[in-house]
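Everything on this sheet refers to the single structure shown next.
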Amino acid sequence: MKRLVILILLAAIAIAYFYFDLGHFLTLDALKASQATFGDHYRQSPVVVIAVFFLIYVAVTGASLPGAAILTLAAGALFGLVIGTVIVSFASSIGATLAFLASRYLFRDAVRGRFGDRLRAIDAGVARDGAFYLFTLRLVPAFPFFLVNLLMGLTTIRAGTFYIVSQLGMLAGTIVFVNAGTQLAGITSLSGIASPTLIASFVALGIFPWISRAIIGWVKARQVYARWQKPRRFDRNLIVIGGGAGGLVSAYIAATVKAKVTLVEAHKMGGDCLNFGCVPSKALIRSAKLAHQTRHASHYGLTDAEPVVPFAAVMARVQQVIRDIEPHDSVERYTGLGVDVVQGYATIVDPWTVSIKRNDGDEQRLTTRSIVIAAGGTPFVPPIPGLDSVDYVTSDTMWDHFATLSALPGRIVVLGGGPIGCELAQSFARLGSKVTQVEMAPRIMAREDEDVSTLVEARFRADGIDVRTGTRAVRCERRDSGQFLIVDADGTEAEIGFDYLIVAVGRMARLTGYGLETLGIETAKTVITNEYLQTLYPNIYAAGDVAGPYQFTHVAAHQAWYAAVNALFGRFRKFKADYRVIPWTTFTDPEVARVGLSEAEAQEKGIACEVTLYPLHELDRAIADSATTGFVKVLTPPGKDRILGVTIVGEHAGDLLAEYVLAMKYGLGLNKLLGTIHTYPTLAEANKYAAGEWKRAHAPQGILRWLERYHGWMRG
C-alpha cells in the first residue's frame, strides 16, 4: 500500500507537470525573462528565496523531472558562482538520493525477483567497485543523471556512499553550469554550454579515473615486486605446479599454443580425481550397484540372490580402472604433447623462479614468466580426541589401504553426510557392510533442497544404512572389545562400534609446502585470487581446489583455461573466470544433479520463481527400467520460460542434466526444449516432459475458451 501511494503521488506530480505545462517555466527564455524579478525577490528576502529554490531543485531532481539544467543556470544567474554552486551541489545530491531511494523502495524487489540471477554479477561488481563506477558516471554528463539515480537504486550500493560519491562526482559539472548561469545574457541555447568540446572534456575526465586506476595497479605491482630481482630472460613461459585436472589442462593449453611449459607433479599424475576421488569411487559404485540389483533381481522378473562379494577382487577392479585411465593423464602422453613433465616437489622461490626437488634426487631451478598453482586439495580431518588410536581412513588413504584387505569390513562408520560421505556409505552398505552414517547437520546432503535429502535418506535406510543426522562426533575409543565412536545427539551420548571409520567431512586446499608463505601470497581457506585468477603477484595464478570456490574436477579444468590464457596472453587481454553455469552431481542411487539455483537458495535470496516438477514415475523408460524414484525440478521466473536452476534426482541424473546446462549457458528457455525431438523411449524425455508441464501451467486459458467456442460453432 505504501508503495502504491508513493507511485500515485509521483505519477500525479508528473501528470501535473506536463498537463499544466509547468516545464515552460524551466526554459532558457523564461529564465531570462524572469531574471530581474527573481533578483528583486532575492535582494528583499535572500533566505526565503534560497530555501524555496533549494526545495524546488530537490523536488525536480527527486521526481526525475526535466529542468535541472535550467535550474542550475538560474542558480548562477541569481546567486553567483560560489553561493549558486553550494546550493546546487547539495540540492542536486539530495534530490538524486531521493530518486535513488524511491527506485530502491518501489522497484528493486520486483526487478530482483525477476532478474536476481543476472544481477548477482552486478552485485559483486558493485560491492567491489560500486563507488568507483558511480564516480566515473557522475563525471560524464553524457550519461543522463536521472537514469543513473534510478538504476543505481536497483543495486546493493549503500545510500550513504551514493550520496557522498554523487556530491563529489557532480561538482565539476555543477561548477561549469553555474558559472555559465552567471553569464546568462550571453547564452542562446543549452547546447552552447554542453558543447561537443565540453562533453569531450568531461568524457576525458571520466576516463581519467580508469587511467588512474591502471596506473595505481601498475604502481602496486611495482611495489609487490620491489624486493625481487626480475630475470632478464626466462627459461619457460609457464610453470604449472600440480598434475591434477587444473594443472593438466593448463599445461595442455600452453603446449597447444607452442609455449614452453613445465608441469611439476610430486606424486601421481591425474591428481586426486583419478587416483583417490572420481574414478575409484565410481568404479566402486558400479560394483555396489550390481550387488544391489542382484539382491533385488525380482524387480526385473528374475530371482533374488545374495551376491557373493570377493572384496579383494572388487578393489582389484577399482585399481584396474585407474590403470586403464592412467594413460590419458600420463607423463608419456603429456611429454608427447610438448609438455616438460618433471616429477618432484616445486617451491616458488620468487615470482619468476621455481626450485624443483626431483624425485630422482636432483634439484632444478627454472625461471618463468608466469606460474599456475594447481596444487589441489586434501581431505579435512577434524580434531576428534582419540582419532589416531583407531583404524580410520580418508577418501584419499582408503583405496590403497582397503586394497590390502582380503574381506569386506563388517562394520563401517562414515563420518560426513556430504557428497563423498553419501557415495561411500551407500556403496559399502550395498556391498554388504553394516554402515552407520553420522552427520552433524539436521539432514544429509544439506546443500540440496530438503525434498532431495528426504528422498535420498529414505533410499539409504532402505539399503540398510543407519543414518544419524543431528549427531556430533565426540571422541574415539579403542578398547579390548573393539573400536568405538562416541557421538552426541541432543545432549545424549551413544557409542557406535566399527571396524573402520571413514572420515569424509570435506576437503581443504593445499596451501603449504610450495612457497606461498615466503612470497606472502594471501590465503584464507583457499589461495586468494581476483576475478582473473591472479594472486597477489599478477604473474602467479591459481586454479582448481586450491583456488575455490568449487571443488569439482570439471570446475578445475574450467578455471585452468582462464588461468593459462591469462598467464600467457594477459598483456593483450584478460578474461574473468565465468561461474554463471556450474553443474554438479552426487553419484548416489538415485543420482542427484543440479545446475543453477535450488528452490531453497531462491527463497534465501528473495528471488521470485516458479517451480515445475515432473515425477519420473510417469516416464515410460523409467517404468521399463524400474527406475521410477526421482523427479526433474525446474525453476523459472514467474511467467517466463527462462531457466534459473534445475535439480534432477534419478537414474543417470548427471547425464540428463547436460541438456539444461547447455540451455542455461546459451539462454535457451523451456519452450525451446519442448520443441526439440527426444528419442522414445529414453530417460532424456523427462527433460522435455518437464518443459511440457511448465507449458501446460501457462496455457492461455482465455484463448482456449474462445477456441472451444469456435470449434463448437464449426460443428454447427
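So you can find residues: chains in the C-alpha cells are A, B, ... in the order shown, residues in each start at 1, and ligands are numbered from 1 in order.
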
Residues of segment 307-345 of chain A within 10 Å of segment 265-282 of chain A: nearest atom pair and distance (Å, one decimal) for each, counting only C-alpha atoms, sorted by chain and number, as CSV?
residue,atom,partner,partner_atom,distance
A:Met315,CA,A:Pro280,CA,9.0
A:Arg317,CA,A:Pro280,CA,9.2
A:Val318,CA,A:Pro280,CA,5.5
A:Gln319,CA,A:Pro280,CA,7.2
A:Gln320,CA,A:Pro280,CA,9.4
A:Val321,CA,A:Pro280,CA,7.3
A:Ile322,CA,A:Leu274,CA,6.5
A:Arg323,CA,A:Asn275,CA,9.2
A:Ile325,CA,A:Leu274,CA,7.7
A:Glu326,CA,A:Gly270,CA,7.2
A:Pro327,CA,A:Gly270,CA,9.5
A:His328,CA,A:Gly270,CA,8.4
A:Asp329,CA,A:Gly270,CA,5.3
A:Ser330,CA,A:Met269,CA,6.1
A:Val331,CA,A:Met269,CA,7.1
A:Val341,CA,A:Glu265,CA,7.7
A:Val342,CA,A:Glu265,CA,6.5
A:Gln343,CA,A:Glu265,CA,5.0
A:Gly344,CA,A:Ala266,CA,4.2
A:Tyr345,CA,A:Ala266,CA,5.0

I want to know what sits within 10 Å of Ala291 of chain A, based on only C-alpha atoms, with residues of the same chain fewer than 4 positions away left out; could you give that as a PyMOL selection string?
chain A and resi 285-287+295-297+305-309+427+430-432

Can those selected residues be exported to a file as a PDB file, in the first residue's frame so that it contains C-alpha atoms?
ATOM      1  CA  ILE A 285      29.703 -47.508  -7.007  1.00  0.00           C
ATOM      2  CA  ARG A 286      29.226 -49.605 -10.151  1.00  0.00           C
ATOM      3  CA  SER A 287      30.172 -52.833  -8.347  1.00  0.00           C
ATOM      4  CA  ARG A 295      19.889 -58.758  -4.279  1.00  0.00           C
ATOM      5  CA  HIS A 296      16.720 -57.249  -5.787  1.00  0.00           C
ATOM      6  CA  ALA A 297      16.606 -59.162  -9.073  1.00  0.00           C
ATOM      7  CA  ALA A 305      20.015 -63.807  -4.768  1.00  0.00           C
ATOM      8  CA  GLU A 306      22.506 -62.785  -2.152  1.00  0.00           C
ATOM      9  CA  PRO A 307      25.606 -61.714  -4.074  1.00  0.00           C
ATOM     10  CA  VAL A 308      28.994 -63.124  -3.193  1.00  0.00           C
ATOM     11  CA  VAL A 309      31.357 -60.163  -2.751  1.00  0.00           C
ATOM     12  CA  SER A 427      28.433 -48.273  -1.769  1.00  0.00           C
ATOM     13  CA  ARG A 430      25.259 -52.393  -0.837  1.00  0.00           C
ATOM     14  CA  LEU A 431      28.407 -54.496  -0.868  1.00  0.00           C
ATOM     15  CA  GLY A 432      27.353 -55.929   2.476  1.00  0.00           C
TER      16      GLY A 432
END

When distances are computed from only C-alpha atoms, which of A:Val58, A:Ala624, A:Ala602, A:Ala691 shows the smallest separation from Arg642 of chain A?
A:Ala691

So that I can check the surroundings of Ile502 of chain A, please list as JSON, numbers by chain every protein, DNA and RNA residue that reaches within 7 Å of it, counting only C-alpha atoms and ignoring chain neighbours fewer than 3 positions away.
{"A": [392, 393, 394, 413, 414, 415]}

Neighbours of Ile356 of chain A within 6 Å (only C-alpha atoms; same-chain residues fewer than 3 positions away dropped), as a list in words?
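Surrounding residues, per the criterion: Tyr345, Ala346, Glu363 and Gln364 of chain A.
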
Okay, now the selection with N, CA, C and O atoms, as a PDB file, in the first residue's frame?
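See again31.pdb below for the written result:
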ATOM      1  N   TYR A 345      59.029 -32.085  -6.186  1.00  0.00           N
ATOM      2  CA  TYR A 345      58.368 -31.077  -5.359  1.00  0.00           C
ATOM      3  C   TYR A 345      58.821 -29.684  -5.785  1.00  0.00           C
ATOM      4  O   TYR A 345      60.023 -29.393  -5.797  1.00  0.00           O
ATOM      5  N   ALA A 346      57.849 -28.847  -6.115  1.00  0.00           N
ATOM      6  CA  ALA A 346      58.154 -27.485  -6.568  1.00  0.00           C
ATOM      7  C   ALA A 346      58.028 -26.506  -5.411  1.00  0.00           C
ATOM      8  O   ALA A 346      57.116 -26.605  -4.588  1.00  0.00           O
ATOM      9  N   GLU A 363      68.189 -31.545  -8.098  1.00  0.00           N
ATOM     10  CA  GLU A 363      67.465 -30.296  -7.922  1.00  0.00           C
ATOM     11  C   GLU A 363      67.589 -29.469  -9.189  1.00  0.00           C
ATOM     12  O   GLU A 363      68.625 -29.479  -9.858  1.00  0.00           O
ATOM     13  N   GLN A 364      66.527 -28.772  -9.509  1.00  0.00           N
ATOM     14  CA  GLN A 364      66.485 -27.991 -10.737  1.00  0.00           C
ATOM     15  C   GLN A 364      65.857 -26.638 -10.423  1.00  0.00           C
ATOM     16  O   GLN A 364      64.890 -26.550  -9.669  1.00  0.00           O
TER      17      GLN A 364
END

Report the residues of segment 480-641 of chain A whose backbone DSSP state falls under strand (DSSP E), written as a PyMOL selection string.
chain A and resi 482-489+492-498+500-503+507-509+540-542+583-586+591-596+610-615+631-636

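For Ala251 of chain A, the list of residues within 7 Å, based on only C-alpha atoms and with local chain neighbours fewer than 6 positions off taken out, reads Val240, Val261, Leu263 and Val339 of chain A.
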
Among segment 316-533 of chain A, which ones does DSSP place in helix (DSSP H, G or I), written as a VMD selection string?
chain A and resid 316 to 329 331 to 336 387 to 389 398 to 402 419 to 431 450 to 462 516 to 519

Could you save the residues just selected, with C-alpha atoms, as an mmCIF file, in the first residue's frame?
data_model
loop_
_atom_site.group_PDB
_atom_site.id
_atom_site.type_symbol
_atom_site.label_atom_id
_atom_site.label_comp_id
_atom_site.auth_asym_id
_atom_site.auth_seq_id
_atom_site.Cartn_x
_atom_site.Cartn_y
_atom_site.Cartn_z
ATOM 1 C CA ALA A 316 41.425 -55.028 -7.685
ATOM 2 C CA ARG A 317 38.876 -53.926 -10.282
ATOM 3 C CA VAL A 318 38.963 -50.391 -8.838
ATOM 4 C CA GLN A 319 42.737 -50.323 -9.239
ATOM 5 C CA GLN A 320 42.458 -51.726 -12.761
ATOM 6 C CA VAL A 321 40.038 -48.969 -13.752
ATOM 7 C CA ILE A 322 42.552 -46.422 -12.510
ATOM 8 C CA ARG A 323 45.298 -48.103 -14.542
ATOM 9 C CA ASP A 324 43.107 -48.140 -17.643
ATOM 10 C CA ILE A 325 42.544 -44.385 -17.416
ATOM 11 C CA GLU A 326 46.090 -43.509 -16.339
ATOM 12 C CA PRO A 327 47.460 -43.262 -19.911
ATOM 13 C CA HIS A 328 45.144 -40.295 -20.546
ATOM 14 C CA ASP A 329 46.997 -38.350 -17.828
ATOM 15 C CA VAL A 331 53.838 -38.420 -18.222
ATOM 16 C CA GLU A 332 54.343 -40.046 -21.620
ATOM 17 C CA ARG A 333 51.216 -38.524 -23.108
ATOM 18 C CA TYR A 334 51.963 -35.010 -21.921
ATOM 19 C CA THR A 335 55.592 -35.263 -22.912
ATOM 20 C CA GLY A 336 54.362 -36.226 -26.360
ATOM 21 C CA LEU A 387 41.057 -40.472 16.377
ATOM 22 C CA ASP A 388 44.682 -41.526 15.934
ATOM 23 C CA SER A 389 44.136 -44.519 18.207
ATOM 24 C CA MET A 398 41.093 -45.621 1.800
ATOM 25 C CA TRP A 399 41.838 -47.073 -1.641
ATOM 26 C CA ASP A 400 45.381 -48.240 -1.018
ATOM 27 C CA HIS A 401 44.531 -49.463 2.489
ATOM 28 C CA PHE A 402 41.397 -51.367 1.505
ATOM 29 C CA PRO A 419 28.570 -35.975 -1.442
ATOM 30 C CA ILE A 420 31.668 -38.068 -0.651
ATOM 31 C CA GLY A 421 30.251 -39.499 2.563
ATOM 32 C CA CYS A 422 26.939 -40.360 0.914
ATOM 33 C CA GLU A 423 28.524 -42.104 -2.058
ATOM 34 C CA LEU A 424 30.812 -44.216 0.121
ATOM 35 C CA ALA A 425 28.152 -45.029 2.717
ATOM 36 C CA GLN A 426 25.734 -46.392 0.124
ATOM 37 C CA SER A 427 28.433 -48.273 -1.769
ATOM 38 C CA PHE A 428 29.715 -50.195 1.251
ATOM 39 C CA ALA A 429 26.187 -50.855 2.507
ATOM 40 C CA ARG A 430 25.259 -52.393 -0.837
ATOM 41 C CA LEU A 431 28.407 -54.496 -0.868
ATOM 42 C CA GLU A 450 15.022 -30.745 1.607
ATOM 43 C CA ASP A 451 12.869 -32.919 -0.656
ATOM 44 C CA VAL A 452 16.070 -34.205 -2.273
ATOM 45 C CA SER A 453 17.664 -35.036 1.073
ATOM 46 C CA THR A 454 14.494 -36.748 2.260
ATOM 47 C CA LEU A 455 14.274 -38.917 -0.837
ATOM 48 C CA VAL A 456 17.948 -39.943 -0.712
ATOM 49 C CA GLU A 457 17.813 -40.644 3.027
ATOM 50 C CA ALA A 458 14.767 -42.876 2.529
ATOM 51 C CA ARG A 459 16.710 -44.864 -0.088
ATOM 52 C CA PHE A 460 19.695 -45.094 2.270
ATOM 53 C CA ARG A 461 17.556 -46.504 5.051
ATOM 54 C CA ALA A 462 16.051 -48.987 2.592
ATOM 55 C CA LEU A 516 53.290 -19.223 -0.592
ATOM 56 C CA GLU A 517 54.495 -18.144 2.837
ATOM 57 C CA THR A 518 57.843 -16.906 1.527
ATOM 58 C CA LEU A 519 56.215 -14.755 -1.110
#

So which residues touch Lys576 of chain A within 8 Å, counting only C-alpha atoms, skipping near sequence neighbours fewer than 6 positions away, as an MDAnalysis selection string?
chainID A and resid 531:533 562

A:Gln229, A:Asn566, A:Ser598, A:Thr97: which is nearest Ile157 of chain A, counting only C-alpha atoms?
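Among A:Gln229, A:Asn566, A:Ser598, A:Thr97, it is A:Thr97 that comes nearest to Ile157 of chain A.
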
What's the 6 Å shell around Met445 of chain A, counting only C-alpha atoms, without same-chain residues fewer than 3 positions away, as a ChimeraX atom specification?
/A:417-418,448,453

Please dump the current selection as a PDB file, in the first residue's frame; keep N, CA and C atoms.
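Resulting contents of part20.pdb:
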ATOM      1  N   GLY A 417      27.985 -36.304   5.888  1.00  0.00           N
ATOM      2  CA  GLY A 417      26.793 -36.525   5.072  1.00  0.00           C
ATOM      3  C   GLY A 417      26.777 -35.725   3.793  1.00  0.00           C
ATOM      4  N   GLY A 418      27.981 -35.301   3.353  1.00  0.00           N
ATOM      5  CA  GLY A 418      28.081 -34.603   2.079  1.00  0.00           C
ATOM      6  C   GLY A 418      28.178 -35.582   0.921  1.00  0.00           C
ATOM      7  N   GLU A 448      21.528 -29.446  -0.889  1.00  0.00           N
ATOM      8  CA  GLU A 448      20.402 -29.639  -1.795  1.00  0.00           C
ATOM      9  C   GLU A 448      19.093 -29.309  -1.086  1.00  0.00           C
ATOM     10  N   SER A 453      17.053 -34.338  -0.066  1.00  0.00           N
ATOM     11  CA  SER A 453      17.664 -35.036   1.073  1.00  0.00           C
ATOM     12  C   SER A 453      16.742 -36.118   1.618  1.00  0.00           C
TER      13      SER A 453
END
